[in-house]
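One structure is given below, encoded as structure tokens.
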Amino acid sequence: MNTTPLPQIDNPNVDESLNTGDPTVPRGRSSYQKISDERRQRIINAHQNGSTVKNVSEYENLPRSTIQNIVKKYSETGRISKENRGGRTHFKVNEEIKTFIRELVDENCGLSLKQICQNVATRFDITLSETTIHNCLGQMHYSLKAIHIIPTRRNDPNTICIRNHFAHSFLRLEENYPDEQIYFVDEVGFNVSMRIKRGRSSIGTTPILRVPNIRSRNVSVCCAMNRYGVVFKEINNRPYNT
């Protein structure tokens with residue numbers, strides 16, 4: 001790509017370093033220009049060699065205020081490169097806290113954001129907002145979803161052994177009695193209990209909360225049936241004495 005050399009500035013008040021600038025710097029003014037560190041260095045050199053802010057501004061095609069800010073920043077701090085603009089520069093949540101939060105949620109997916117904040121404050125003596133905890137969980141790919149509740153005794157070794165024994169006993173029973181003479185009798189109680197329905201876990205996984213069985217007195221139903229249908233049913237306001 002051919003570039004046209006910049007015209008020489010015929011002014012004794014303009015430093016010669018401006019005449020050796022980068023010819024690829026655009027001459028047109030835009031709404032916002034990113035000024036490279038090399039260009040900032042050229043501005044500083046020209047100003048230190050005697051060029052006025054006005055002359056440097058005209059040559060670089062930049063506002064005087066921009067030139068003044070660059071020179072002022074260099075005079076006060078000795079810094080030429082541009083500082084980062086805005087944004088958070090300090091994060092309270094380090095990897096140790098993230099690991100602790102992950103372990104908390106994996107152990108009990110029903111914890112609220114407030115409870116997680118309290119646990120973090122107790123462990124690390126630091127105060128985090130619920131928004132910070134929410135954002136942290138999102139960064140770790142944990143989302144809020146419905147909890148799948150599993151009673152602690154549902155699949156313990158003893159329960160599995162009992163199921164296996166019943167299955168073998170029932171097979172032997174079918175060999176000695178006809179189907180219509182085999183009845184299944186059971187009762188069930190309907191109760192209302194308050195449980196957390198939504199919890200957090202890693203995306204793509206189901207939040208599981210293991211809780212003890214909770215039973216309360218309410219409406220109970222007793223029913224007898226065989227493989228052909230219901231033979232008897234009864235509703236009671238008290239649990240059946242089984």
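Residues in the structure tokens are numbered from 1 in each chain, the chains being A, B, ... in the order shown, and ligands are numbered from 1 in the order shown.
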Could you name the residues that touch Val185 (chain A) at 8 Å or less, counting only C-alpha atoms, but leaving out those on the same chain fewer than 4 positions away, as a compact mmCIF listing (two decimals) with C-alpha atoms, in the first residue's frame?
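Once everything was written out, this is around33.txt:
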```txt
# COMPACT_ATOMS: atom_id res chain seq x y z
CA CYS A 222 -56.71 -48.23 52.50
CA CYS A 223 -57.17 -50.37 49.43
CA ALA A 224 -57.21 -54.07 48.52
CA MET A 225 -56.75 -55.25 44.93
```
Could you list, as a ChimeraX atom specification, every residue within 12 Å of Gln115 (chain A), counting only C-alpha atoms and ignoring same-chain residues fewer than 2 positions away? /A:101,104-105,108-113,117-122,128-130,133
Using DSSP secondary structure from the backbone, list all alpha helix (DSSP H) positions within region 36-208 of chain A, as a PyMOL selection string. chain A and resi 37-48+53-60+64-77+95-107+113-124+130-139+157-176
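Compared by their closest atoms to Ser81 (chain A), and using only C-alpha atoms, the residues A:Asp125, A:Gly204, A:Arg40, A:Lys145 rank with A:Arg40 nearest.
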Near-Lys92 (chain A) list (10 Å; only C-alpha atoms; drop same-chain fewer than 5 positions) as a VMD selection string: chain A and resid 97 126 to 128 132
Go ahead and write the residues just picked, C-alpha atoms, as a short mmCIF file (atom, residue, chain, number, x, y, z; two decimals), in the first residue's frame.
```cif
data_model
loop_
_atom_site.label_atom_id
_atom_site.label_comp_id
_atom_site.auth_asym_id
_atom_site.auth_seq_id
_atom_site.Cartn_x
_atom_site.Cartn_y
_atom_site.Cartn_z
CA ILE A 97 -14.03 -19.13 48.41
CA ILE A 126 -15.74 -11.56 54.75
CA THR A 127 -19.10 -10.07 53.79
CA LEU A 128 -20.47 -10.91 50.34
CA THR A 132 -22.12 -11.65 44.35
#
```
If you count only C-alpha atoms, which residues fall within 10 Å of His134 (chain A), apart from same-chain ones fewer than 5 positions away, as number ranges by chain? A: 113, 116, 129, 139, 142-144
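The gap separating CA of Phe170 (chain A) from CA of Tyr183 (chain A) is 11.5 Å, in Å to one decimal.
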Atomic distance CA of Thr206 (chain A) - CA of Ile147 (chain A), expressed in Å with one decimal: 7.2 Å
Which residues are close to region 148-165 of chain A, i.e. within 8 Å by only C-alpha atoms, leaving aside same-chain residues fewer than 4 positions away? Reply as a PyMOL selection string. chain A and resi 169+197+206-213
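Contact shell of Arg79 (chain A) at 12 Å (only C-alpha atoms; same-chain neighbours under 2 positions omitted): A:Asp37, A:Arg40, A:Gln41, A:Ile44, A:Asn69, A:Ile70, A:Val71, A:Lys72, A:Lys73, A:Tyr74, A:Ser75, A:Glu76, A:Thr77, A:Ser81, A:Lys82, A:Glu83.
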Output for the residues just chosen: C-alpha atoms as a PDB file, in the first residue's frame:
```
ATOM      1  CA  ASP A  37       1.590   4.329  23.261  1.00  0.00           C
ATOM      2  CA  ARG A  40       1.755   9.287  23.148  1.00  0.00           C
ATOM      3  CA  GLN A  41       5.547   9.016  23.362  1.00  0.00           C
ATOM      4  CA  ILE A  44       5.657  13.862  25.027  1.00  0.00           C
ATOM      5  CA  ASN A  69      -4.154  15.468  29.542  1.00  0.00           C
ATOM      6  CA  ILE A  70      -1.357  13.319  28.117  1.00  0.00           C
ATOM      7  CA  VAL A  71       1.294  15.864  29.117  1.00  0.00           C
ATOM      8  CA  LYS A  72      -0.252  16.399  32.556  1.00  0.00           C
ATOM      9  CA  LYS A  73      -0.454  12.672  33.248  1.00  0.00           C
ATOM     10  CA  TYR A  74       3.203  12.267  32.296  1.00  0.00           C
ATOM     11  CA  SER A  75       4.257  15.233  34.440  1.00  0.00           C
ATOM     12  CA  GLU A  76       2.407  13.929  37.519  1.00  0.00           C
ATOM     13  CA  THR A  77       3.035  10.192  37.302  1.00  0.00           C
ATOM     14  CA  SER A  81       0.658   4.301  28.426  1.00  0.00           C
ATOM     15  CA  LYS A  82      -3.100   4.591  28.829  1.00  0.00           C
ATOM     16  CA  GLU A  83      -4.722   3.371  32.039  1.00  0.00           C
TER      17      GLU A  83
END
```
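Of the listed residues (A:Thr131, A:Thr66, A:Asn218, A:Asn45), A:Asn218 comes nearest to Pro239 (chain A); the distances count only C-alpha atoms.
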Counting only C-alpha atoms, the residue of A:Thr205, A:Ile43, A:Val53, A:Arg172 that sits nearest Ser65 (chain A): A:Val53
